[in-house]
Each structure stands twice: as structure tokens, then as C-alpha cells.
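Just structure_0.tsv here, TSV, N, CA, C and O atoms:
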```
chain	number	residue	atom	x	y	z
M	595	GLY	N	-36.67	35.21	72.37
M	595	GLY	CA	-35.63	35.86	71.61
M	595	GLY	C	-35.64	37.37	71.79
M	595	GLY	O	-36.47	37.94	72.49
M	596	ARG	N	-34.73	37.93	71.15
M	596	ARG	CA	-34.51	39.38	71.19
M	596	ARG	C	-35.49	40.11	70.26
M	596	ARG	O	-35.72	39.65	69.14
M	597	PRO	N	-36.07	41.24	70.72
M	597	PRO	CA	-37.00	41.97	69.85
M	597	PRO	C	-36.29	42.49	68.60
M	597	PRO	O	-35.14	42.90	68.66
M	598	ARG	N	-36.98	42.47	67.50
M	598	ARG	CA	-36.41	42.91	66.23
M	598	ARG	C	-36.62	44.40	66.04
M	598	ARG	O	-37.68	44.94	66.36
M	599	ARG	N	-35.60	45.08	65.52
M	599	ARG	CA	-35.70	46.52	65.27
M	599	ARG	C	-36.49	46.78	64.00
M	599	ARG	O	-36.43	46.00	63.06
M	600	ALA	N	-37.23	47.86	64.00
M	600	ALA	CA	-38.00	48.23	62.81
M	600	ALA	C	-37.04	48.58	61.67
M	600	ALA	O	-35.99	49.16	61.89
M	601	GLN	N	-37.43	48.21	60.47
M	601	GLN	CA	-36.61	48.51	59.30
M	601	GLN	C	-37.01	49.88	58.77
M	601	GLN	O	-38.14	50.10	58.38
M	602	THR	N	-36.08	50.81	58.78
M	602	THR	CA	-36.33	52.13	58.21
M	602	THR	C	-35.82	52.13	56.78
M	602	THR	O	-35.04	51.26	56.40
M	603	PRO	N	-36.24	53.10	55.96
M	603	PRO	CA	-35.74	53.16	54.58
M	603	PRO	C	-34.21	53.20	54.51
M	603	PRO	O	-33.62	52.61	53.64
M	604	LEU	N	-33.57	53.87	55.45
M	604	LEU	CA	-32.11	53.94	55.42
M	604	LEU	C	-31.49	52.60	55.76
M	604	LEU	O	-30.49	52.21	55.18
M	605	ARG	N	-32.07	51.86	56.71
M	605	ARG	CA	-31.52	50.55	57.06
M	605	ARG	C	-31.70	49.54	55.94
M	605	ARG	O	-30.92	48.64	55.78
M	606	ARG	N	-32.75	49.70	55.16
M	606	ARG	CA	-32.98	48.77	54.06
M	606	ARG	C	-32.13	49.11	52.85
M	606	ARG	O	-32.19	48.45	51.84
M	607	GLY	N	-31.36	50.22	52.94
M	607	GLY	CA	-30.44	50.54	51.86
M	607	GLY	C	-31.01	51.41	50.77
M	607	GLY	O	-30.40	51.58	49.73
M	608	ARG	N	-32.19	52.00	50.99
M	608	ARG	CA	-32.73	52.87	49.95
M	608	ARG	C	-32.02	54.20	49.92
M	608	ARG	O	-32.00	54.87	48.91
M	609	GLY	N	-31.46	54.60	51.05
M	609	GLY	CA	-30.69	55.86	51.08
M	609	GLY	C	-31.58	57.08	51.00
M	609	GLY	O	-32.77	57.02	51.23
M	610	VAL	N	-30.98	58.17	50.63
M	610	VAL	CA	-31.67	59.45	50.56
M	610	VAL	C	-32.00	59.75	49.12
M	610	VAL	O	-31.14	59.66	48.24
M	611	GLY	N	-33.23	60.13	48.86
M	611	GLY	CA	-33.67	60.44	47.51
M	611	GLY	C	-33.19	61.80	47.05
M	611	GLY	O	-32.58	62.56	47.79
M	612	ARG	N	-33.45	62.11	45.80
M	612	ARG	CA	-33.01	63.38	45.22
M	612	ARG	C	-33.57	64.58	45.95
M	612	ARG	O	-32.98	65.64	45.98
M	613	SER	N	-34.72	64.45	46.55
M	613	SER	CA	-35.33	65.58	47.25
M	613	SER	C	-34.72	65.81	48.62
M	613	SER	O	-35.03	66.78	49.29
M	614	GLY	N	-33.82	64.92	49.05
M	614	GLY	CA	-33.17	65.10	50.33
M	614	GLY	C	-33.79	64.31	51.46
M	614	GLY	O	-33.29	64.32	52.56
M	615	SER	N	-34.88	63.60	51.19
M	615	SER	CA	-35.53	62.81	52.22
M	615	SER	C	-35.52	61.34	51.84
M	615	SER	O	-35.71	61.00	50.68
M	616	ALA	N	-35.32	60.50	52.81
M	616	ALA	CA	-35.29	59.06	52.55
M	616	ALA	C	-36.62	58.62	51.96
M	616	ALA	O	-37.67	58.85	52.53
M	617	GLY	N	-36.59	58.01	50.80
M	617	GLY	CA	-37.77	57.45	50.19
M	617	GLY	C	-38.77	58.45	49.63
M	617	GLY	O	-39.82	58.06	49.18
M	618	ALA	N	-38.47	59.73	49.64
M	618	ALA	CA	-39.43	60.73	49.18
M	618	ALA	C	-39.79	60.54	47.71
M	618	ALA	O	-40.89	60.84	47.30
M	619	ASP	N	-38.85	60.04	46.92
M	619	ASP	CA	-39.13	59.82	45.51
M	619	ASP	C	-40.18	58.74	45.32
M	619	ASP	O	-40.83	58.68	44.29
M	620	ARG	N	-40.35	57.88	46.29
M	620	ARG	CA	-41.30	56.78	46.18
M	620	ARG	C	-42.66	57.10	46.81
M	620	ARG	O	-43.60	56.34	46.66
M	621	HIS	N	-42.75	58.17	47.55
M	621	HIS	CA	-43.97	58.51	48.26
M	621	HIS	C	-44.44	59.91	47.88
M	621	HIS	O	-43.96	60.90	48.42
M	622	PRO	N	-45.40	60.01	46.95
M	622	PRO	CA	-45.86	61.32	46.48
M	622	PRO	C	-46.36	62.24	47.59
M	622	PRO	O	-46.12	63.43	47.57
M	623	ARG	N	-47.03	61.68	48.60
M	623	ARG	CA	-47.52	62.53	49.69
M	623	ARG	C	-46.37	63.15	50.48
M	623	ARG	O	-46.45	64.29	50.90
M	624	GLU	N	-45.33	62.36	50.70
M	624	GLU	CA	-44.17	62.90	51.42
M	624	GLU	C	-43.49	63.98	50.60
M	624	GLU	O	-43.10	65.01	51.13
M	625	ALA	N	-43.37	63.76	49.30
M	625	ALA	CA	-42.76	64.77	48.43
M	625	ALA	C	-43.60	66.05	48.45
M	625	ALA	O	-43.06	67.16	48.51
M	626	GLU	N	-44.92	65.89	48.44
M	626	GLU	CA	-45.82	67.05	48.50
M	626	GLU	C	-45.68	67.78	49.84
M	626	GLU	O	-45.63	69.01	49.88
M	627	ALA	N	-45.58	67.04	50.91
M	627	ALA	CA	-45.40	67.64	52.24
M	627	ALA	C	-44.06	68.37	52.33
M	627	ALA	O	-43.98	69.46	52.89
M	628	ASN	N	-43.02	67.78	51.75
M	628	ASN	CA	-41.71	68.43	51.75
M	628	ASN	C	-41.75	69.73	50.96
M	628	ASN	O	-41.17	70.73	51.38
M	629	ALA	N	-42.43	69.73	49.82
M	629	ALA	CA	-42.54	70.94	49.01
M	629	ALA	C	-43.31	72.03	49.78
M	629	ALA	O	-42.93	73.20	49.75
M	630	PHE	N	-44.36	71.63	50.48
M	630	PHE	CA	-45.14	72.58	51.28
M	630	PHE	C	-44.27	73.18	52.38
M	630	PHE	O	-44.26	74.40	52.59
M	631	ALA	N	-43.52	72.33	53.08
M	631	ALA	CA	-42.66	72.81	54.16
M	631	ALA	C	-41.57	73.74	53.62
M	631	ALA	O	-41.26	74.76	54.25
M	632	LEU	N	-41.03	73.40	52.47
M	632	LEU	CA	-40.00	74.25	51.87
M	632	LEU	C	-40.55	75.63	51.55
M	632	LEU	O	-39.91	76.65	51.83
M	633	GLU	N	-41.74	75.69	51.00
M	633	GLU	CA	-42.36	76.98	50.68
M	633	GLU	C	-42.72	77.74	51.96
M	633	GLU	O	-42.60	78.96	52.02
M	634	LEU	N	-43.13	77.02	52.99
M	634	LEU	CA	-43.47	77.66	54.26
M	634	LEU	C	-42.23	78.28	54.92
M	634	LEU	O	-42.27	79.41	55.40
M	635	LEU	N	-41.13	77.53	54.93
M	635	LEU	CA	-39.90	77.99	55.58
M	635	LEU	C	-39.11	78.98	54.74
M	635	LEU	O	-38.44	79.87	55.28
M	636	THR	N	-39.17	78.80	53.43
M	636	THR	CA	-38.39	79.66	52.52
M	636	THR	C	-39.28	80.12	51.38
M	636	THR	O	-39.14	79.66	50.24
M	637	PRO	N	-40.19	81.04	51.66
M	637	PRO	CA	-41.14	81.49	50.62
M	637	PRO	C	-40.40	82.09	49.43
M	637	PRO	O	-39.46	82.88	49.58
M	638	GLU	N	-40.83	81.71	48.24
M	638	GLU	CA	-40.18	82.19	47.02
M	638	GLU	C	-40.12	83.71	46.96
M	638	GLU	O	-39.07	84.29	46.66
M	639	ALA	N	-41.22	84.38	47.26
M	639	ALA	CA	-41.25	85.84	47.19
M	639	ALA	C	-40.24	86.47	48.14
M	639	ALA	O	-39.56	87.45	47.80
M	640	ALA	N	-40.13	85.91	49.34
M	640	ALA	CA	-39.19	86.46	50.32
M	640	ALA	C	-37.74	86.24	49.88
M	640	ALA	O	-36.89	87.12	50.06
M	641	ILE	N	-37.46	85.09	49.30
M	641	ILE	CA	-36.10	84.83	48.82
M	641	ILE	C	-35.78	85.75	47.65
M	641	ILE	O	-34.71	86.36	47.60
M	642	ARG	N	-36.72	85.88	46.73
M	642	ARG	CA	-36.48	86.76	45.57
M	642	ARG	C	-36.31	88.22	46.00
M	642	ARG	O	-35.62	88.98	45.34
M	643	ALA	N	-36.93	88.60	47.11
M	643	ALA	CA	-36.75	89.96	47.62
M	643	ALA	C	-35.33	90.16	48.15
M	643	ALA	O	-34.82	91.27	48.15
M	644	GLU	N	-34.70	89.08	48.58
M	644	GLU	CA	-33.33	89.14	49.11
M	644	GLU	C	-32.26	88.95	48.02
M	644	GLU	O	-31.16	89.46	48.15
M	645	VAL	N	-32.59	88.19	46.99
M	645	VAL	CA	-31.62	87.82	45.96
M	645	VAL	C	-32.09	88.39	44.62
M	645	VAL	O	-33.05	87.91	44.05
M	646	ASP	N	-31.39	89.40	44.13
M	646	ASP	CA	-31.81	90.01	42.87
M	646	ASP	C	-31.06	89.45	41.65
M	646	ASP	O	-31.52	89.58	40.54
M	647	THR	N	-29.92	88.81	41.87
M	647	THR	CA	-29.18	88.15	40.79
M	647	THR	C	-28.73	86.79	41.29
M	647	THR	O	-28.48	86.62	42.49
M	648	PRO	N	-28.60	85.83	40.39
M	648	PRO	CA	-28.17	84.49	40.81
M	648	PRO	C	-26.82	84.52	41.53
M	648	PRO	O	-25.93	85.31	41.20
M	649	ILE	N	-26.70	83.68	42.53
M	649	ILE	CA	-25.49	83.58	43.36
M	649	ILE	C	-24.57	82.52	42.77
M	649	ILE	O	-25.00	81.38	42.57
M	650	PRO	N	-23.30	82.87	42.50
M	650	PRO	CA	-22.35	81.84	42.05
M	650	PRO	C	-22.09	80.84	43.17
M	650	PRO	O	-22.06	81.20	44.35
M	651	ILE	N	-21.89	79.58	42.81
M	651	ILE	CA	-21.70	78.51	43.80
M	651	ILE	C	-20.52	78.78	44.72
M	651	ILE	O	-20.52	78.36	45.87
M	652	ASP	N	-19.51	79.52	44.25
M	652	ASP	CA	-18.34	79.79	45.09
M	652	ASP	C	-18.58	80.87	46.14
M	652	ASP	O	-17.71	81.18	46.94
M	653	GLN	N	-19.78	81.41	46.18
M	653	GLN	CA	-20.14	82.42	47.17
M	653	GLN	C	-20.98	81.80	48.30
M	653	GLN	O	-22.05	82.26	48.64
M	654	SER	N	-20.45	80.72	48.88
M	654	SER	CA	-21.20	79.96	49.88
M	654	SER	C	-21.53	80.81	51.11
M	654	SER	O	-22.50	80.53	51.80
M	655	HIS	N	-20.75	81.85	51.37
M	655	HIS	CA	-21.06	82.71	52.52
M	655	HIS	C	-22.41	83.41	52.34
M	655	HIS	O	-23.11	83.67	53.31
M	656	LEU	N	-22.80	83.68	51.09
M	656	LEU	CA	-24.11	84.29	50.85
M	656	LEU	C	-25.24	83.29	51.10
M	656	LEU	O	-26.27	83.64	51.66
M	657	VAL	N	-25.02	82.04	50.70
M	657	VAL	CA	-26.00	80.98	50.96
M	657	VAL	C	-26.14	80.81	52.47
M	657	VAL	O	-27.25	80.70	52.99
M	658	HIS	N	-25.02	80.80	53.17
M	658	HIS	CA	-25.03	80.64	54.62
M	658	HIS	C	-25.80	81.79	55.28
M	658	HIS	O	-26.61	81.57	56.17
M	659	ALA	N	-25.56	83.02	54.83
M	659	ALA	CA	-26.25	84.18	55.41
M	659	ALA	C	-27.76	84.08	55.19
M	659	ALA	O	-28.55	84.38	56.10
M	660	LEU	N	-28.16	83.66	54.00
M	660	LEU	CA	-29.60	83.49	53.73
M	660	LEU	C	-30.19	82.38	54.59
M	660	LEU	O	-31.29	82.52	55.12
M	661	ALA	N	-29.45	81.29	54.72
M	661	ALA	CA	-29.93	80.18	55.53
M	661	ALA	C	-30.16	80.63	56.97
M	661	ALA	O	-31.17	80.29	57.58
M	662	ARG	N	-29.23	81.38	57.50
M	662	ARG	CA	-29.40	81.88	58.88
M	662	ARG	C	-30.59	82.81	58.99
M	662	ARG	O	-31.35	82.75	59.95
M	663	LYS	N	-30.76	83.67	58.00
M	663	LYS	CA	-31.88	84.62	58.02
M	663	LYS	C	-33.23	83.89	58.03
M	663	LYS	O	-34.16	84.31	58.71
M	664	PHE	N	-33.32	82.79	57.27
M	664	PHE	CA	-34.57	82.04	57.17
M	664	PHE	C	-34.67	80.90	58.19
M	664	PHE	O	-35.68	80.21	58.25
M	665	GLY	N	-33.61	80.67	58.95
M	665	GLY	CA	-33.64	79.64	59.99
M	665	GLY	C	-33.62	78.22	59.46
M	665	GLY	O	-34.25	77.33	60.05
M	666	VAL	N	-32.91	78.00	58.35
M	666	VAL	CA	-32.79	76.66	57.78
M	666	VAL	C	-31.32	76.31	57.63
M	666	VAL	O	-30.44	77.16	57.76
M	667	GLU	N	-31.05	75.05	57.32
M	667	GLU	CA	-29.68	74.60	57.08
M	667	GLU	C	-29.18	75.13	55.75
M	667	GLU	O	-29.97	75.39	54.83
M	668	ASP	N	-27.86	75.26	55.63
M	668	ASP	CA	-27.26	75.73	54.38
M	668	ASP	C	-27.68	74.86	53.20
M	668	ASP	O	-27.99	75.38	52.12
M	669	ALA	N	-27.69	73.55	53.39
M	669	ALA	CA	-28.05	72.64	52.30
M	669	ALA	C	-29.49	72.85	51.85
M	669	ALA	O	-29.78	72.78	50.65
M	670	GLN	N	-30.38	73.11	52.80
M	670	GLN	CA	-31.77	73.36	52.44
M	670	GLN	C	-31.89	74.65	51.64
M	670	GLN	O	-32.64	74.71	50.66
M	671	MET	N	-31.15	75.67	52.04
M	671	MET	CA	-31.20	76.94	51.31
M	671	MET	C	-30.59	76.76	49.92
M	671	MET	O	-31.15	77.26	48.94
M	672	ALA	N	-29.48	76.04	49.82
M	672	ALA	CA	-28.86	75.82	48.51
M	672	ALA	C	-29.83	75.07	47.60
M	672	ALA	O	-29.99	75.43	46.43
M	673	PHE	N	-30.50	74.05	48.13
M	673	PHE	CA	-31.49	73.28	47.37
M	673	PHE	C	-32.58	74.21	46.85
M	673	PHE	O	-32.96	74.17	45.67
M	674	ARG	N	-33.09	75.07	47.73
M	674	ARG	CA	-34.16	75.99	47.35
M	674	ARG	C	-33.69	76.98	46.28
M	674	ARG	O	-34.39	77.24	45.30
M	675	LEU	N	-32.49	77.52	46.46
M	675	LEU	CA	-31.95	78.48	45.50
M	675	LEU	C	-31.74	77.83	44.13
M	675	LEU	O	-32.03	78.46	43.10
M	676	VAL	N	-31.27	76.61	44.11
M	676	VAL	CA	-31.09	75.91	42.83
M	676	VAL	C	-32.42	75.76	42.13
M	676	VAL	O	-32.56	76.04	40.94
M	677	HIS	N	-33.45	75.34	42.87
M	677	HIS	CA	-34.77	75.14	42.27
M	677	HIS	C	-35.44	76.43	41.83
M	677	HIS	O	-36.32	76.41	40.99
M	678	LEU	N	-35.01	77.54	42.40
M	678	LEU	CA	-35.54	78.84	41.98
M	678	LEU	C	-34.66	79.48	40.90
M	678	LEU	O	-34.95	80.58	40.45
M	679	GLY	N	-33.60	78.79	40.52
M	679	GLY	CA	-32.69	79.33	39.50
M	679	GLY	C	-31.82	80.45	40.03
M	679	GLY	O	-31.34	81.28	39.26
M	680	LEU	N	-31.63	80.48	41.35
M	680	LEU	CA	-30.88	81.58	41.96
M	680	LEU	C	-29.51	81.16	42.48
M	680	LEU	O	-28.83	81.96	43.12
M	681	LEU	N	-29.09	79.94	42.20
M	681	LEU	CA	-27.75	79.48	42.57
M	681	LEU	C	-27.13	78.89	41.32
M	681	LEU	O	-27.63	77.93	40.74
M	682	VAL	N	-26.04	79.51	40.87
M	682	VAL	CA	-25.37	79.08	39.65
M	682	VAL	C	-24.34	78.02	39.99
M	682	VAL	O	-23.41	78.27	40.74
M	683	LEU	N	-24.54	76.80	39.48
M	683	LEU	CA	-23.64	75.69	39.77
M	683	LEU	C	-22.45	75.66	38.88
M	683	LEU	O	-22.29	75.98	37.85
```
Encoded form (C-alpha cells):
Amino acid sequence: GRPRRAQTPLRRGRGVGRSGSAGADRHPREAEANAFALELLTPEAAIRAEVDTPIPIDQSHLVHALARKFGVEDAQMAFRLVHLGLLVL
């Protein structure tokens, strides 16, 4: 018969967790690794040095500019800013 494909969390229908990674809510080590990577790529002190007042959500160009400066996707930067209280929804 035909070889069977491996079942990934997305294929099994678990989808993407609140943290932005498939199954991260179910795997504490993965959530911890994601938090470490987020701090490594977007250090809180460096972001706070760039953002002195919270950014309104309708100012997406500012989120985009920060994302480019830190070399991350806009969604990752928005996620980080929300968790730091620097993006007003």
C-alpha cells in the first residue's frame, strides 16, 4: 500500500493556539521556547526604548515600521506590543 503521511497538529484539526503556534497551549516546553524566542528577537527594553506611548491599533504603519526594524513579521510585533501593553486595541 501507499505510505501514510504523518499527522501534524494542523492536520488533526487542532489549529493554531492563542500563542500563535500550533498546539503551543498544550505543550509547556514549546510555549516556554516561544516566549524565549520572542524576548530574544524583540527584547522588551529595546521595544520600550522605541515606543514611549501606547500605539493605537489604527496606526498599523508604526507596527510595520517596528517589525521591520526588529526583523519580525507584523503579526509577531503586534502580539509582542499587546503583551507589553503598548498596542491599544
As an mmCIF file with N, CA, C and O atoms, in the frame of the given file, please: the residues near M:Val682 (cut-off 5 Å, all atoms listed in the file, same-chain neighbours under 6 positions excluded).
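See around-v6.cif below for the written result:
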```cif
data_model
loop_
_atom_site.group_PDB
_atom_site.id
_atom_site.type_symbol
_atom_site.label_atom_id
_atom_site.label_comp_id
_atom_site.auth_asym_id
_atom_site.auth_seq_id
_atom_site.Cartn_x
_atom_site.Cartn_y
_atom_site.Cartn_z
ATOM 1 N N ILE M 649 -26.700 83.680 42.530
ATOM 2 C CA ILE M 649 -25.490 83.580 43.360
ATOM 3 C C ILE M 649 -24.570 82.520 42.770
ATOM 4 O O ILE M 649 -25.000 81.380 42.570
ATOM 5 N N PRO M 650 -23.300 82.870 42.500
ATOM 6 C CA PRO M 650 -22.350 81.840 42.050
ATOM 7 C C PRO M 650 -22.090 80.840 43.170
ATOM 8 O O PRO M 650 -22.060 81.200 44.350
ATOM 9 N N ILE M 651 -21.890 79.580 42.810
ATOM 10 C CA ILE M 651 -21.700 78.510 43.800
ATOM 11 C C ILE M 651 -20.520 78.780 44.720
ATOM 12 O O ILE M 651 -20.520 78.360 45.870
#
```
Review point. How many Å lie between atom O of M:Gly679 and atom N of M:Pro648, rounded to one decimal?
Key: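 Value for the atom O of M:Gly679-atom N of M:Pro648 distance: 5.4 Å.
Separating atom C of M:Met671 from atom CA of M:Pro622 is a distance of 22.0 Å.
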ask   = Which value, in Å to one decimal, gives the distance between atom CA of M:Phe664 and atom CA of M:His621?
value =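 Going from atom CA of M:Phe664 over to atom CA of M:His621, I get 26.9 Å.
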With distances taken over only N, CA, C and O atoms, the candidate from M:Ile641, M:Asp668, M:Thr647, M:Ala661 nearest M:Leu680 is M:Thr647
